[in-house]
Amino acid sequence: MNYVLLGAQKHYHHPDKKPGIRFSVYAPNARSVEVVFGLLWNVNDSDRKPINRNNPAPLEEIAGGYVADDGNGIDPNMPVILLRREGNGVWFSDPDDPELSDFSRWDHATYMFRIVKNDRSTAYCTDLYSRCQIGYGNFNPHGKQYEGLISALKGSKSCSVIVDPDTVTAHFDETVKYRGKNVSMFPETRFVPQEEFWKDEFVSEYPMPKRLEDLVIYQLHIPALGFDKTPIGTVAEAIELLDHLDELGVNAVELLPVSGYGGDTETWGYSTSHHFAIEFSGGGRDKMKYFIREAHRRGIAVIFDVVYNHFAHDAERAEWLYDTNDHEKNIYFWYHGHPFDYPNLSDGTGGYVDNLSSAFAPRYWDPLVRNLFISSAIALVREFHVDGFRVDQTSSIHAYNVLHADGSARGDANVAGGSFLREWTDALHTVNPSVFLTAEDHSNWDAVTRPTSDGGLGFDAVWYADYHHQLVGADQDAHCARLLAMAGQGGNEPLAMDRFADVLAGSGRRKIVYHLNHDEAGNAGRDKDFDRRTHRTMIVAVHDHLDKTNRSYAEARSRLVFGITLFSAGTPLFLFGEEVAFLNDFFYDDVLAKREDLFGNKNGPGKNMFTFYRDAIRLRQSNAALRSRNIEILHVHNDNRVVAFRRWCDEEEMLIVASLNNTPFDKGYLLRHPSITNGNWREILTSDSVQYGGNGTATLTSLQSFDTSIDMRIPQNTILAFGR
């Protein structure tokens with residue numbers, strides 16, 4: 001694990017002997033740094049015997065795990081380890097200290113750094129390189145004495161935990177019988193070597209996808225699972241979902257952030273405080289490895305969302321003022337000048353950098369900040385076998401940086417941000433040349449997907465926001481086609497099919513396409529002055545007024561927008577629950593209250609939708625033409641609300657026709673284009689089929705094209721797929 005410099009790491013002082021432990025931390029402004037150990041105890045134990053490897057306890061009954069500002073919470077039975085400063089502002093423990101000669105002695109101990117800052121104030125700080133944070137609730141003691149349960153304690157404020165990265169728990173959940181029920185224990189006592197754990201990771205009958213264009217990506221937020229079963233969705237529920245994904249046919253699952261974000265379970269997790277840790281509230285690091293292994297056994301790639309455009313919004317005891325109280329020396333944040341340069345901002349924040357994300361920009365020029373981001377991603381690839389990453393809002397990193405004081409552009413921050421992204425993609429492609437690297441980027445800069453050797457940022461693909469806005473859209477997208485939103489208003493007025501056709505034609509240019517993702521389902525358009533939130537597809541499809549009289553229209557239009565996205569030339573992605581016709585808005589700050597019963601919907605009102613998703617995905621996966629990047633628009637008609645395009649690869653060719661017209665073209669519809677050559681076409685899929693909840697309007701199962709034209713009957717609100 002030598003790519004990780006900092007934290008609590010194994011240290012082989014003598015190659016032929018067992019490893020010791022080395023503590024290290026980046027704190028260039030500190031006057032002194034020590035490691036102290038936090039006390040854990042069973043809340044029912046009046047003697048407060050410390051919890052450790054020799055004295056595990058039921059996880060739900062463990063208290064402590066927090067060191068107060070006055071030092072309360074430090075385990076008096078554990079030593080205090082003094083670190084010494086070396087180059088680049090990094091502090092290390094003494095490698096010859098006999099106390100640190102045996103790593104196993106410290107395994108699963110809880111600790112913090114006691115830092116005397118440059119103004120002589122003392123702070124207790126977490127280890128930003130820790131692999132586990134013991135708290136998994138949402139309570140912040142704000143420096144006061146804490147004797148509550150770790151299940152209530154906010155993870156970003158709690159003690160860090162020493163973890164052996166070379167082992168994995170022998171069981172997904174190590175439980176014992178306790179007070180008449182099986183309960184999870186901490187620390188676990190049974191482990192296996194990493195090599196043994198991963199040895200049967202792949203199954204020959206389920207090959208892993210190798211190309212980005214072969215992926216169908218299922219975007220999942222684990223805490224939103226567990227409907228009516230658990231207080232919050234966990235990795236256990238995610239593993240249970242894998243058979244559903246296998247049946248559905250998707251071969252990639254993208255997880256909304258799972259790196260440590262401090263137990264804010266009501267959110268989406270886009271507020272990372274500890275990039276090496278896996279959020280403990282959902283199950284933690286070892287359970288996540290079980291999920292990834294089970295996904296791989298089904299031929300499903302696992303992609304992590306990662307966040308580098310800002311740190312946690314509440315970063316106290318994490319990145320914020322880590323070793324100083326001077327804003328201009330805040331080591332993890334970009335700061336320009338001095339506080340007195342901004343007299344109009346008395347709080348000293350004028351020199352920080354905004355970037356259209358929800359917190360100040362990181363200090364991208366600092367090698368140690370880059371190391372935090374890059375080495376944590378490498379750890380996820382090497383240690384967790386993660387197959388790819390989606391980087392949140394990269395345009396905030398390389399394009400949107402402005403001074404907080406006055407909004408003036410910070411070109412130096414943009415340059416440094418771009419340089420960091422190049423270094424990040426180069427490092428990941430070096431570690432694993434087949435890793436999937438995608439960017440949420442709204443800059444329309446073609447360099448995002450150019451190789452770094454050609455001056456680009458090195459990403460394999462970029463999210464295609466324009467595609468969603470033209471196909472689905474919301475009230476704030478007045479300049480876009482908004483096909484679904486406009487069709488949902490009823491009537492049969494012309495739609496801007498031509499605007500959508502333009503982005504559809506560009507879908508093959510290294511794009512991730514989606515009719516709905518997490519942002520667009522409940523975050524777009526939110527503002528203090530108005531509420532124009534986007535919604536789930538079923539709701540947008542009938543202008544926010546779903547009832548029994550229009551559900552068939554909602555389902556038909558929802559099938560169409562998914563089908564046209566799936567059959568485009570981009571790599572398709574969709575938000576979990578769409579396949580079973582979820583209805584609730586997916587607000588970032590109201591996740592648990594809006595949870596829906598996925599399996600109940602699958603066997604109930606969403607049964608037909610699931611069948612369509614399954615069949616359409618299987619068609620794409622079995623058809624080389626639909627997995628290619630080749631696309632040509634053949635026909636666009638705004639008044640008729642029809643678009644047609646072809647897809648091809650070698651000898652395979654597909655013709656896709658979509659109509660958002662509310663009445664069928666039951667007497668025929670003529671398509672003309674020079675690329676429509678003579679031949680026989682076979683209808684492979686129609687979304688109007690009765691098995692999908694459609695009307696079953698008769699169409700020809702085979703068609704003949706000649707003289708650059710083809711005539712067909714098109715049902716209302718339907719997508720058709722023909723092959724030859």
# chains A, B, ... in the order shown; residues from 1 in each chain; ligands from 1

$ select_by_dssp --residues "region 350-530 of chain A" --states "alpha helix (DSSP H)" --output "PyMOL selection string"
chain A and resi 367-384+394-398+411-431+465-471+483-487+497-505+518-522

$ residues_around --residues "Leu495 (chain A)" --least-positions-apart "3" --cutoff "7 Å" --atoms "only C-alpha atoms" --output "ChimeraX atom specification"
/A:483,638-639,641

$ atom_distance --atom1 "CA of Leu592 (chain A)" --atom2 "CA of Leu153 (chain A)"
18.6 Å

$ select_by_dssp --residues "region 212-420 of chain A" --states "strand (DSSP E or B)" --output "PyMOL selection string"
chain A and resi 217-220+252-255+259-260+274-278+301-306+333+335+352-354+362+388-391+402-403+409

$ atom_distance --atom1 "CA of Arg672 (chain A)" --atom2 "CA of Asp707 (chain A)"
8.5 Å

$ closest_residue --among "A:Arg297, A:Tyr129, A:Val542, A:Arg618" --to "Ile374 (chain A)" --atoms "only C-alpha atoms"
A:Tyr129

$ closest_atom_pairs --of "region 153-208 of chain A" --to "region 46-62 of chain A" --cutoff "6 Å" --atoms "only C-alpha atoms" --output "CSV"
residue,atom,partner,partner_atom,distance
A:Ser184,CA,A:Pro58,CA,5.7
A:Met185,CA,A:Pro58,CA,4.5
A:Phe186,CA,A:Pro56,CA,5.2
A:Pro187,CA,A:Pro56,CA,5.4

$ residues_around --residues "Gly137 (chain A)" --least-positions-apart "4" --cutoff "8 Å" --atoms "only C-alpha atoms" --output "list of chain:residue names"
A:Ile150, A:Ser151, A:Ala152, A:Leu153, A:Lys154, A:Gly155, A:Gly262, A:Gly263, A:Asp264, A:Ser281

$ residues_around --residues "Asn118 (chain A)" --least-positions-apart "4" --cutoff "12 Å" --atoms "only C-alpha atoms" --output "ChimeraX atom specification"
/A:27-33,122-123,321-326,329-330

$ closest_residue --among "A:Asn432, A:Ser702, A:Asn630, A:Thr534" --to "His518 (chain A)" --atoms "only C-alpha atoms"
A:Thr534

$ atom_distance --atom1 "CA of Asp127 (chain A)" --atom2 "CA of Glu196 (chain A)"
28.8 Å

$ closest_residue --among "A:Tyr669, A:Phe291, A:Phe373, A:Trp648" --to "Arg724 (chain A)" --atoms "only C-alpha atoms"
A:Trp648

$ residues_around --residues "region 8-17 of chain A" --least-positions-apart "4" --cutoff "12 Å" --atoms "only C-alpha atoms" --output "ChimeraX atom specification"
/A:1-4,21-25,35,91-98,100-113,126-132,160-166,276

$ residues_around --residues "Phe567 (chain A)" --least-positions-apart "4" --cutoff "9 Å" --atoms "only C-alpha atoms" --output "ChimeraX atom specification"
/A:562-563,572,616,620,626-627,647,656,721

$ write_last_selection --atoms "all heavy atoms" --output "PDB file, in the first residue's frame"
ATOM      1  N   PHE A 562     -37.067   6.420 -22.283  1.00  0.00           N
ATOM      2  CA  PHE A 562     -36.010   5.468 -21.944  1.00  0.00           C
ATOM      3  C   PHE A 562     -35.531   4.735 -23.179  1.00  0.00           C
ATOM      4  O   PHE A 562     -34.318   4.576 -23.393  1.00  0.00           O
ATOM      5  CB  PHE A 562     -36.491   4.462 -20.905  1.00  0.00           C
ATOM      6  CG  PHE A 562     -35.486   3.364 -20.660  1.00  0.00           C
ATOM      7  CD1 PHE A 562     -34.269   3.642 -20.056  1.00  0.00           C
ATOM      8  CD2 PHE A 562     -35.745   2.054 -21.063  1.00  0.00           C
ATOM      9  CE1 PHE A 562     -33.322   2.639 -19.850  1.00  0.00           C
ATOM     10  CE2 PHE A 562     -34.808   1.053 -20.857  1.00  0.00           C
ATOM     11  CZ  PHE A 562     -33.597   1.344 -20.246  1.00  0.00           C
ATOM     12  N   GLY A 563     -36.458   4.284 -24.003  1.00  0.00           N
ATOM     13  CA  GLY A 563     -36.071   3.529 -25.185  1.00  0.00           C
ATOM     14  C   GLY A 563     -35.196   4.317 -26.130  1.00  0.00           C
ATOM     15  O   GLY A 563     -34.193   3.808 -26.648  1.00  0.00           O
ATOM     16  N   PRO A 572     -25.873   4.632 -22.068  1.00  0.00           N
ATOM     17  CA  PRO A 572     -27.081   4.995 -21.324  1.00  0.00           C
ATOM     18  C   PRO A 572     -26.956   4.790 -19.818  1.00  0.00           C
ATOM     19  O   PRO A 572     -26.321   3.838 -19.350  1.00  0.00           O
ATOM     20  CB  PRO A 572     -28.148   4.066 -21.908  1.00  0.00           C
ATOM     21  CG  PRO A 572     -27.379   2.865 -22.361  1.00  0.00           C
ATOM     22  CD  PRO A 572     -26.039   3.376 -22.811  1.00  0.00           C
ATOM     23  N   ALA A 616     -35.935  -4.188 -23.519  1.00  0.00           N
ATOM     24  CA  ALA A 616     -35.196  -3.186 -24.287  1.00  0.00           C
ATOM     25  C   ALA A 616     -33.702  -3.271 -23.994  1.00  0.00           C
ATOM     26  O   ALA A 616     -32.865  -3.165 -24.906  1.00  0.00           O
ATOM     27  CB  ALA A 616     -35.732  -1.790 -23.971  1.00  0.00           C
ATOM     28  N   ARG A 620     -30.536  -4.167 -26.614  1.00  0.00           N
ATOM     29  CA  ARG A 620     -29.296  -3.400 -26.801  1.00  0.00           C
ATOM     30  C   ARG A 620     -28.069  -4.283 -26.553  1.00  0.00           C
ATOM     31  O   ARG A 620     -27.104  -4.255 -27.329  1.00  0.00           O
ATOM     32  CB  ARG A 620     -29.269  -2.200 -25.858  1.00  0.00           C
ATOM     33  CG  ARG A 620     -27.946  -1.419 -25.946  1.00  0.00           C
ATOM     34  CD  ARG A 620     -27.822  -0.330 -24.906  1.00  0.00           C
ATOM     35  NE  ARG A 620     -26.454   0.146 -24.828  1.00  0.00           N
ATOM     36  CZ  ARG A 620     -25.946   1.150 -25.537  1.00  0.00           C
ATOM     37  NH1 ARG A 620     -26.713   1.803 -26.377  1.00  0.00           N
ATOM     38  NH2 ARG A 620     -24.682   1.500 -25.403  1.00  0.00           N
ATOM     39  N   LEU A 626     -26.567  -1.481 -31.899  1.00  0.00           N
ATOM     40  CA  LEU A 626     -27.034  -0.582 -30.836  1.00  0.00           C
ATOM     41  C   LEU A 626     -25.931  -0.258 -29.836  1.00  0.00           C
ATOM     42  O   LEU A 626     -26.058   0.706 -29.082  1.00  0.00           O
ATOM     43  CB  LEU A 626     -28.228  -1.208 -30.115  1.00  0.00           C
ATOM     44  CG  LEU A 626     -29.506  -1.352 -30.951  1.00  0.00           C
ATOM     45  CD1 LEU A 626     -30.592  -2.038 -30.134  1.00  0.00           C
ATOM     46  CD2 LEU A 626     -29.984  -0.004 -31.465  1.00  0.00           C
ATOM     47  N   ARG A 627     -24.868  -1.023 -29.817  1.00  0.00           N
ATOM     48  CA  ARG A 627     -23.747  -0.736 -28.915  1.00  0.00           C
ATOM     49  C   ARG A 627     -22.635   0.037 -29.618  1.00  0.00           C
ATOM     50  O   ARG A 627     -21.621   0.363 -28.996  1.00  0.00           O
ATOM     51  CB  ARG A 627     -23.182  -2.035 -28.330  1.00  0.00           C
ATOM     52  CG  ARG A 627     -24.165  -2.824 -27.488  1.00  0.00           C
ATOM     53  CD  ARG A 627     -23.454  -3.892 -26.647  1.00  0.00           C
ATOM     54  NE  ARG A 627     -22.505  -4.674 -27.415  1.00  0.00           N
ATOM     55  CZ  ARG A 627     -22.805  -5.738 -28.158  1.00  0.00           C
ATOM     56  NH1 ARG A 627     -24.070  -6.128 -28.261  1.00  0.00           N
ATOM     57  NH2 ARG A 627     -21.871  -6.401 -28.811  1.00  0.00           N
ATOM     58  N   ARG A 647     -28.967   2.949 -36.737  1.00  0.00           N
ATOM     59  CA  ARG A 647     -27.740   2.553 -36.019  1.00  0.00           C
ATOM     60  C   ARG A 647     -27.161   1.352 -36.742  1.00  0.00           C
ATOM     61  O   ARG A 647     -27.928   0.485 -37.215  1.00  0.00           O
ATOM     62  CB  ARG A 647     -28.085   2.180 -34.577  1.00  0.00           C
ATOM     63  CG  ARG A 647     -28.855   3.269 -33.847  1.00  0.00           C
ATOM     64  CD  ARG A 647     -27.954   4.252 -33.151  1.00  0.00           C
ATOM     65  NE  ARG A 647     -27.524   3.713 -31.872  1.00  0.00           N
ATOM     66  CZ  ARG A 647     -26.296   3.272 -31.594  1.00  0.00           C
ATOM     67  NH1 ARG A 647     -25.350   3.306 -32.516  1.00  0.00           N
ATOM     68  NH2 ARG A 647     -26.017   2.797 -30.403  1.00  0.00           N
ATOM     69  N   ILE A 656     -34.715   2.963 -35.818  1.00  0.00           N
ATOM     70  CA  ILE A 656     -35.460   3.347 -34.622  1.00  0.00           C
ATOM     71  C   ILE A 656     -36.398   4.494 -34.990  1.00  0.00           C
ATOM     72  O   ILE A 656     -35.967   5.504 -35.566  1.00  0.00           O
ATOM     73  CB  ILE A 656     -34.519   3.794 -33.483  1.00  0.00           C
ATOM     74  CG1 ILE A 656     -33.405   2.762 -33.259  1.00  0.00           C
ATOM     75  CG2 ILE A 656     -35.314   4.044 -32.206  1.00  0.00           C
ATOM     76  CD1 ILE A 656     -33.881   1.400 -32.829  1.00  0.00           C
ATOM     77  N   ALA A 721     -38.457  -0.467 -32.922  1.00  0.00           N
ATOM     78  CA  ALA A 721     -37.113  -0.878 -33.323  1.00  0.00           C
ATOM     79  C   ALA A 721     -37.223  -1.961 -34.388  1.00  0.00           C
ATOM     80  O   ALA A 721     -37.861  -2.996 -34.171  1.00  0.00           O
ATOM     81  CB  ALA A 721     -36.333  -1.391 -32.125  1.00  0.00           C
TER      82      ALA A 721
END

$ residues_around --residues "Ser675 (chain A)" --least-positions-apart "5" --cutoff "10 Å" --atoms "only C-alpha atoms" --output "list in words"
Glu632, Ile633, Leu634, Arg646, Thr708 and Ser709 of chain A

$ closest_residue --among "A:Tyr553, A:Phe304, A:Phe340, A:Phe420" --to "Asn695 (chain A)" --atoms "only C-alpha atoms"
A:Tyr553

$ closest_residue --among "A:Thr265, A:Asn42, A:Gln691, A:Gln194" --to "Tyr136 (chain A)" --atoms "only C-alpha atoms"
A:Thr265

$ closest_residue --among "A:His469, A:Ala556, A:Ala252, A:Gly73" --to "Glu213 (chain A)" --atoms "only C-alpha atoms"
A:Ala252
